[in-house]
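Enquirer: My structure is below; once you've seen it, I'll send some questions.
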Amino acid sequence: MEDIQQYNFTVKSNIHDYEVHFIDDVKSTLENELKEGDFIIIDNKVKALYSEWFEEVLTNFKHIGINATEPQKSYQEVEPVINELIEKGFRKNHRLIAIGGGITQDVTAFIASILYRGVQWYFFPTTLLAQGDSCIGSKTSINFGKFKNQVGGFYPPNKIYVDPKFLESLPKKELQSGLGEMAHYYVVASEEDFERYKSDYEEALADKIILGRIIARSLEIKKSYIEIDEYDKNERQVFNYGHSFGHAIESLTNYGIPHGIAISFGMDMSNFISMKKGYITAELRQNSRELFEKIWDGYADQVRNLDIDTYLNALSKDKKNKGPLLGLILNKGYGKVFKDFTENDNVFREWIREYFTNELN
């Protein structure tokens, strides 16, 4: 069995440096790490699925179970969690322990950043999306009404523990979603990285060792950018590749399409616009699309049937926009992803109509 501890690393942060540990026994790690006063925030689904791992620790430590759905990421749903923490004696010197995926991470990170002006928190990511992407990077965000991730800041965990065994219980669509999200790092990195990822994709769905390597490389690519642009002002913005287009798809389907799958459509749309602008060839776009089609397998009908005007309206509200200009992340080739301010004019709108009409058959 491969020694996964070889992937351990530290992320340098302006707020506080934090450690990422790859582990293979979450139960013993929790027992060794937890201290009196620590408070666990756990996804109820994870709590039920892995009851034998958590039963003892949840008996000995205070905890709150949350339903990890998008509505949980709101002021209305965060407020009772904060209320319970204060009422049950959580203090500034205690730590929050998040166990779950990205929604549990966002809820815990947001609370940790504002409660008592900041408390320590640890993260045990249980989804592929969280393990391969969101666990590092410092971002905290909650939704505002129907608008995704509009409120938040930067506040990384103090430690992250990645146990790939959590992934064994994930349905295929969750693996597709996580691999879809990680794909954008490989496009941003280099042609060599992308081609290796593309050739490993099918095996990674079934082989956790290959999947572990993909996770580690994904985090390594992300770490190299966030350490030079933690607050997402310059270089790091390339990681929004596929996300403006993908977030609009998520919003219009009421999050019925998993995040990373929506992003795989978004990356193809970004490449389509890049091709229309003459930045990349049709051949390069097709080479990438061969991977994206595998990731979004089974979801094209839902996207094809979206109302185009409603979609364009959602795209116009993206937080990366500047005035009337759309702040799109486009592509001049593998390793050459960049920010492009695009006129939201009739030409662009016709390109989007063409995509929805002709490119999803």
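Letters A, B, ... go to the chains of the structure tokens in the order shown; residues in each chain start at 1; ligands are counted from 1 in the same order.
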Would you list the contacts of Pro157 (chain A) as a PyMOL selection string, taking every protein, DNA or RNA residue within 8 Å and counting only C-alpha atoms, but skipping same-chain residues closer than 3 positions in sequence?

Expert: chain A and resi 18+109+120-123+138+160

Enquirer: Once DSSP has gone over the backbone, tell me which residues of region 69-284 of chain A are in helix (DSSP H, G or I), as a ChimeraX atom specification.

Expert: /A:70-72,75-87,102-117,128-134,164-169,172-189,191-204,208-226,235-240,243-252,259-276,282-284

Enquirer: Do a neighbour search on Arg236 (chain A) at 12 Å with only C-alpha atoms, toss out local chain neighbours closer than 3 positions, and write the hits as a list in words.

Expert: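 Listed by chain and then number, they are Gly137, Tyr185, Val188, Ala189, Ile221, Lys222, Lys223, Ser224, Tyr225, Ile226, Glu227, Ile228, Asp229, Glu230, Tyr231, Asp232, Lys233, Phe239, Asn240, Tyr241, Ile329, Val337, Phe338 and Lys339 of chain A.
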
Enquirer: Excluding His16 (chain A) and its own-chain neighbours fewer than 4 positions away, which residues fall within 8 Å of it when counting only C-alpha atoms? Please give them as a list in words.

Expert: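 Surrounding residues, per the criterion: Lys12, Pro156 and Asn158 of chain A.
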
Enquirer: In Å, with one decimal, what is the gap from CA of Arg213 (chain A) to CA of Ile136 (chain A)?

Expert: 16.4 Å

Enquirer: Please, which residues of region 209-333 of chain A, numbered as in this document, come out strand (DSSP E or B) from DSSP, as a ChimeraX atom specification?

Expert: /A:322,325-331

Enquirer: Export all heavy atoms of the chosen residues as a PDB file, in the first residue's frame?

Expert:
```
ATOM      1  N   LYS A 322     -16.886  43.536 -14.148  1.00  0.00           N
ATOM      2  CA  LYS A 322     -16.490  44.912 -13.848  1.00  0.00           C
ATOM      3  C   LYS A 322     -17.385  45.834 -14.666  1.00  0.00           C
ATOM      4  O   LYS A 322     -17.220  45.933 -15.890  1.00  0.00           O
ATOM      5  CB  LYS A 322     -15.013  45.139 -14.189  1.00  0.00           C
ATOM      6  CG  LYS A 322     -14.479  46.498 -13.757  1.00  0.00           C
ATOM      7  CD  LYS A 322     -12.999  46.643 -14.071  1.00  0.00           C
ATOM      8  CE  LYS A 322     -12.128  45.806 -13.131  1.00  0.00           C
ATOM      9  NZ  LYS A 322     -10.683  46.021 -13.397  1.00  0.00           N
ATOM     10  N   LEU A 325     -18.816  44.913 -18.204  1.00  0.00           N
ATOM     11  CA  LEU A 325     -17.935  43.903 -18.798  1.00  0.00           C
ATOM     12  C   LEU A 325     -17.977  42.598 -18.006  1.00  0.00           C
ATOM     13  O   LEU A 325     -17.983  42.606 -16.769  1.00  0.00           O
ATOM     14  CB  LEU A 325     -16.493  44.416 -18.845  1.00  0.00           C
ATOM     15  CG  LEU A 325     -16.244  45.666 -19.691  1.00  0.00           C
ATOM     16  CD1 LEU A 325     -14.802  46.124 -19.545  1.00  0.00           C
ATOM     17  CD2 LEU A 325     -16.571  45.396 -21.163  1.00  0.00           C
ATOM     18  N   LEU A 326     -17.997  41.493 -18.718  1.00  0.00           N
ATOM     19  CA  LEU A 326     -17.969  40.170 -18.089  1.00  0.00           C
ATOM     20  C   LEU A 326     -16.519  39.784 -17.814  1.00  0.00           C
ATOM     21  O   LEU A 326     -15.687  39.774 -18.731  1.00  0.00           O
ATOM     22  CB  LEU A 326     -18.617  39.127 -19.014  1.00  0.00           C
ATOM     23  CG  LEU A 326     -20.083  39.367 -19.388  1.00  0.00           C
ATOM     24  CD1 LEU A 326     -20.524  38.363 -20.453  1.00  0.00           C
ATOM     25  CD2 LEU A 326     -20.974  39.264 -18.156  1.00  0.00           C
ATOM     26  N   GLY A 327     -16.211  39.471 -16.551  1.00  0.00           N
ATOM     27  CA  GLY A 327     -14.844  39.089 -16.182  1.00  0.00           C
ATOM     28  C   GLY A 327     -14.633  37.593 -16.374  1.00  0.00           C
ATOM     29  O   GLY A 327     -14.634  36.833 -15.410  1.00  0.00           O
ATOM     30  N   LEU A 328     -14.465  37.174 -17.619  1.00  0.00           N
ATOM     31  CA  LEU A 328     -14.366  35.745 -17.937  1.00  0.00           C
ATOM     32  C   LEU A 328     -12.922  35.260 -17.867  1.00  0.00           C
ATOM     33  O   LEU A 328     -11.984  36.000 -18.181  1.00  0.00           O
ATOM     34  CB  LEU A 328     -14.918  35.491 -19.343  1.00  0.00           C
ATOM     35  CG  LEU A 328     -16.360  35.943 -19.602  1.00  0.00           C
ATOM     36  CD1 LEU A 328     -16.742  35.661 -21.055  1.00  0.00           C
ATOM     37  CD2 LEU A 328     -17.334  35.255 -18.645  1.00  0.00           C
ATOM     38  N   ILE A 329     -12.748  34.022 -17.454  1.00  0.00           N
ATOM     39  CA  ILE A 329     -11.435  33.384 -17.518  1.00  0.00           C
ATOM     40  C   ILE A 329     -11.409  32.534 -18.773  1.00  0.00           C
ATOM     41  O   ILE A 329     -12.146  31.546 -18.898  1.00  0.00           O
ATOM     42  CB  ILE A 329     -11.162  32.519 -16.264  1.00  0.00           C
ATOM     43  CG1 ILE A 329     -11.346  33.346 -14.991  1.00  0.00           C
ATOM     44  CG2 ILE A 329      -9.749  31.940 -16.326  1.00  0.00           C
ATOM     45  CD1 ILE A 329     -10.457  34.563 -14.867  1.00  0.00           C
ATOM     46  N   LEU A 330     -10.586  32.944 -19.727  1.00  0.00           N
ATOM     47  CA  LEU A 330     -10.504  32.262 -21.015  1.00  0.00           C
ATOM     48  C   LEU A 330      -9.156  31.553 -21.161  1.00  0.00           C
ATOM     49  O   LEU A 330      -8.366  31.499 -20.220  1.00  0.00           O
ATOM     50  CB  LEU A 330     -10.772  33.259 -22.148  1.00  0.00           C
ATOM     51  CG  LEU A 330     -12.154  33.951 -22.107  1.00  0.00           C
ATOM     52  CD1 LEU A 330     -12.339  34.870 -23.311  1.00  0.00           C
ATOM     53  CD2 LEU A 330     -13.287  32.933 -22.036  1.00  0.00           C
ATOM     54  N   ASN A 331      -8.893  31.041 -22.339  1.00  0.00           N
ATOM     55  CA  ASN A 331      -7.848  30.037 -22.506  1.00  0.00           C
ATOM     56  C   ASN A 331      -7.082  30.305 -23.802  1.00  0.00           C
ATOM     57  O   ASN A 331      -7.685  30.426 -24.865  1.00  0.00           O
ATOM     58  CB  ASN A 331      -8.561  28.668 -22.561  1.00  0.00           C
ATOM     59  CG  ASN A 331      -7.620  27.501 -22.563  1.00  0.00           C
ATOM     60  OD1 ASN A 331      -6.413  27.664 -22.601  1.00  0.00           O
ATOM     61  ND2 ASN A 331      -8.183  26.311 -22.533  1.00  0.00           N
TER      62      ASN A 331
END
```

Enquirer: Identify, on the basis of only C-alpha atoms, every residue whose closest approach to Arg304 (chain A) does not exceed 10 Å; exclude the query and any residue fewer than 3 positions from it along the same chain; express the result as a list in words.

Expert: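 So the residues in contact are Tyr299, Ala300, Asp301, Asp307, Ile308, Tyr355, Phe356, Thr357, Asn358, Glu359, Leu360 and Asn361 of chain A.
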
Enquirer: So which one's closest to Asn83 (chain A), A:Ile64, A:Val57, A:Leu306, A:Leu179? Using only C-alpha atoms, please.

Expert: A:Ile64

Enquirer: At a cut-off of 9 Å, using only C-alpha atoms, what residues contact Phe110 (chain A)? Leave out same-chain residues fewer than 6 positions from it and give the result as a list of chain:residue names.

Expert: A:Val78, A:Lys139, A:Thr140, A:Ser141, A:Ile142, A:Gly152, A:Gly153, A:Phe154, A:Tyr155

Enquirer: Suppose we keep C-alpha atoms; can you now write the selection as a PDB file, in the first residue's frame?

Expert:
```pdb
ATOM      1  CA  VAL A  78     -25.876  29.742  10.453  1.00  0.00           C
ATOM      2  CA  LYS A 139     -11.923  31.231   1.325  1.00  0.00           C
ATOM      3  CA  THR A 140     -15.060  31.290   3.458  1.00  0.00           C
ATOM      4  CA  SER A 141     -18.394  31.990   1.859  1.00  0.00           C
ATOM      5  CA  ILE A 142     -22.113  31.659   2.331  1.00  0.00           C
ATOM      6  CA  GLY A 152     -17.516  35.786   3.160  1.00  0.00           C
ATOM      7  CA  GLY A 153     -13.813  36.352   3.577  1.00  0.00           C
ATOM      8  CA  PHE A 154     -10.529  34.486   4.041  1.00  0.00           C
ATOM      9  CA  TYR A 155      -9.906  32.324   7.080  1.00  0.00           C
TER      10      TYR A 155
END
```

Enquirer: Nearest to Glu36 (chain A) among A:Ala216, A:Leu96, A:Val81, A:Met267, with distances taken over only C-alpha atoms: which residue is it?

Expert: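 The closest residue to Glu36 (chain A) is A:Leu96.
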